[in-house]
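J.: Structure provided below as structure tokens; questions to follow.
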Amino acid sequence: MAPSAEIGLEQREDRDDLLAFRQGDQDAFEALFRRHQRVVFGWVLRIVRNAAAAEEIVIETFWRIYRAHARFDPARGFEAWARRIATHAAIDYLRTRRLEVELPVNLPAPAHLDPAITAEIRCKTAQAFAKLPATLRVAAVLAVVEERPQKEVAEELGISVTAVKLRVFRALRLLRKELERQGITP
Amino acid sequence: MKTIEQDRLKKLLQQALPAVNGDAEPSRDLWPSVLKRLNARPAPIPWFDWALAAGIVAVVAIFPAWIPVLLYYL
């Protein structure tokens, strides 16, 4: 089959599944889950930076998605909608785990490690960051660490670009205060 | 907060929270867990929640003047 014909078939299948999902069809929902779970998992992993937690949030996300099937608008696309629901599920998770300090032990080290920043400072920064409110953390992770465009972050969080800038500013200010409290001057 | 200071904090944060592989996949098939969650019956409301609700309704019915006080504390 020619690539364009394959894409056409895939789009038609996707559209059929979206329409059936909107009616509450569980088979169509499973097809959508299998097609989009990887993207949603990758997105959530970027936010919570913990693979086991990301898996639980993906389950929660798709449960919320199915419950909201009647409100889904096929014209707006499934993936963007799923990511938005996943973002809010991740925020809820971070709210409940706020006091736990999750260090990225199972994640790769940064590609360009700055020798001036010691492991101890990195660890204390991660701990200080974990103490910030969940909404500020998510905005900072997406906009600063993941370097996502602020417009995209605003869409995922359902807020304005100005509000994203404000949340990032507040996150950095609180992080600086917390680091200063620990005797670290950024 | 100055721009230079902000940039330093951003760099520090990027170093403390290394970028993750966005192409990573879940370690297991998550569909059975999603299905289990979909088919789970909602948790029953505990009896003391019903008792509390009944108590509030009774208080409001007997002492309507307390409604603003209750609303204030809610």
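To be explicit about the labels: the chains of the structure tokens are called A, B, and onward in the order shown, and within each one the residues are counted from 1, while ligands get numbers from 1 in the order they are shown.
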Looking only at helix (DSSP H, G or I) from DSSP on the backbone, list the matching residues of chain B as a CSV table (one decimal) with C-alpha atoms, in the first residue's frame.

T.:
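Contents of states_22.csv, as written:
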```
chain,number,residue,atom,x,y,z
B,3,THR,CA,17.0,38.7,34.5
B,4,ILE,CA,20.6,37.4,35.1
B,5,GLU,CA,19.4,35.9,38.4
B,6,GLN,CA,16.4,34.3,36.6
B,7,ASP,CA,18.7,32.9,34.0
B,8,ARG,CA,21.0,31.4,36.6
B,9,LEU,CA,18.0,29.8,38.4
B,10,LYS,CA,16.7,28.4,35.1
B,11,LYS,CA,20.0,26.8,34.4
B,12,LEU,CA,20.2,25.4,37.9
B,13,LEU,CA,16.8,23.9,37.6
B,14,GLN,CA,17.6,22.4,34.2
B,15,GLN,CA,20.7,20.8,35.8
B,16,ALA,CA,18.8,19.6,38.9
B,31,TRP,CA,-5.0,-1.3,29.3
B,32,PRO,CA,-6.1,-4.0,31.8
B,33,SER,CA,-5.7,-1.4,34.6
B,34,VAL,CA,-7.7,1.1,32.7
B,35,LEU,CA,-10.4,-1.5,32.1
B,36,LYS,CA,-10.4,-2.5,35.8
B,37,ARG,CA,-10.8,1.1,36.8
B,38,LEU,CA,-13.6,1.7,34.3
B,39,ASN,CA,-15.5,-1.4,35.6
B,47,TRP,CA,-22.5,6.2,56.9
B,48,PHE,CA,-21.0,9.1,58.9
B,49,ASP,CA,-21.2,11.3,55.8
B,50,TRP,CA,-24.9,10.6,55.6
B,51,ALA,CA,-25.2,11.2,59.3
B,52,LEU,CA,-23.4,14.5,59.0
B,53,ALA,CA,-25.6,15.6,56.1
B,54,ALA,CA,-28.7,14.7,58.0
B,55,GLY,CA,-27.5,16.6,61.1
B,56,ILE,CA,-26.8,19.7,59.1
B,57,VAL,CA,-30.3,19.5,57.4
B,58,ALA,CA,-31.9,19.1,60.8
B,59,VAL,CA,-30.0,22.0,62.3
B,60,VAL,CA,-30.9,24.2,59.4
B,61,ALA,CA,-34.6,23.2,59.6
B,62,ILE,CA,-34.7,23.8,63.4
B,64,PRO,CA,-32.9,28.8,60.1
B,65,ALA,CA,-30.9,31.8,61.6
B,66,TRP,CA,-27.8,29.6,61.6
B,67,ILE,CA,-27.7,29.4,57.8
B,68,PRO,CA,-25.5,32.5,57.3
B,69,VAL,CA,-23.1,31.1,60.0
B,70,LEU,CA,-22.9,27.7,58.3
B,71,LEU,CA,-22.3,29.4,54.9
B,72,TYR,CA,-19.6,31.5,56.4
B,73,TYR,CA,-17.7,28.4,57.7
```

J.: Hey, which bits of region 5-51 of chain A sit within 8 Å of region 70-79 of chain A, and for each residue what's the closest pair of atoms and how far apart in Å (one decimal), counting only C-alpha atoms, rows by chain and increasing number, as CSV?

T.:
```
residue,atom,partner,partner_atom,distance
A:Arg15,CA,A:Pro74,CA,7.7
A:Leu18,CA,A:Pro74,CA,6.1
A:Leu19,CA,A:Pro74,CA,6.9
A:Arg22,CA,A:Ala70,CA,5.4
A:Gln23,CA,A:Ala70,CA,6.7
A:Gly24,CA,A:Ala70,CA,7.3
A:His36,CA,A:Glu79,CA,6.8
A:Val40,CA,A:Glu79,CA,7.9
```

J.: Just write the chosen residues, C-alpha atoms, as a PDB file, in the first residue's frame.

T.:
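Written output follows (part-v5.pdb):
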```pdb
ATOM      1  CA  ARG A  15     -12.184   9.492  12.825  1.00  0.00           C
ATOM      2  CA  LEU A  18     -13.462   9.180  17.694  1.00  0.00           C
ATOM      3  CA  LEU A  19     -17.103   9.244  16.649  1.00  0.00           C
ATOM      4  CA  ARG A  22     -18.081   9.923  21.738  1.00  0.00           C
ATOM      5  CA  GLN A  23     -21.040   7.534  21.898  1.00  0.00           C
ATOM      6  CA  GLY A  24     -19.273   5.597  24.691  1.00  0.00           C
ATOM      7  CA  HIS A  36      -2.278   7.620  22.103  1.00  0.00           C
ATOM      8  CA  VAL A  40       0.292  10.757  26.977  1.00  0.00           C
TER       9      VAL A  40
END
```

J.: Rounded to one decimal, what separation in Å do you get between CA of Tyr66 (chain A) and CA of Pro149 (chain A)?

T.: 28.7 Å

J.: Find the distance between CA of Leu136 (chain A) and CA of Arg167 (chain A) and write it in Å to one decimal.

T.: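 So the answer is 5.3 Å.
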
J.: Given the choices A:Ala31, A:Ala140, A:Val44, A:Ile59, which gets closest to Arg28 (chain B) if the distance is worked out from only C-alpha atoms?

T.: A:Ile59

J.: Considering only C-alpha atoms, state which residue in the set A:Arg38, A:Ala52, A:Ala90, A:Asp25 is at the smallest distance from Arg137 (chain A).

T.: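 Of the candidates, the smallest distance to Arg137 (chain A) is held by A:Ala90.
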
J.: Using only C-alpha atoms, determine which residues lie at most 10 Å from Glu155 (chain A), disregarding the query and same-chain residues fewer than 6 positions distant; provide the list as a list in words.

T.: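 My reading of the contact set: Ala80, Trp81, Arg83, Arg84, Val161 and Val164 of chain A.
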
J.: Interatomic distance between CA of Gln127 (chain A) and CA of Val48 (chain A)?

T.: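 These atoms are spaced 13.7 Å apart.
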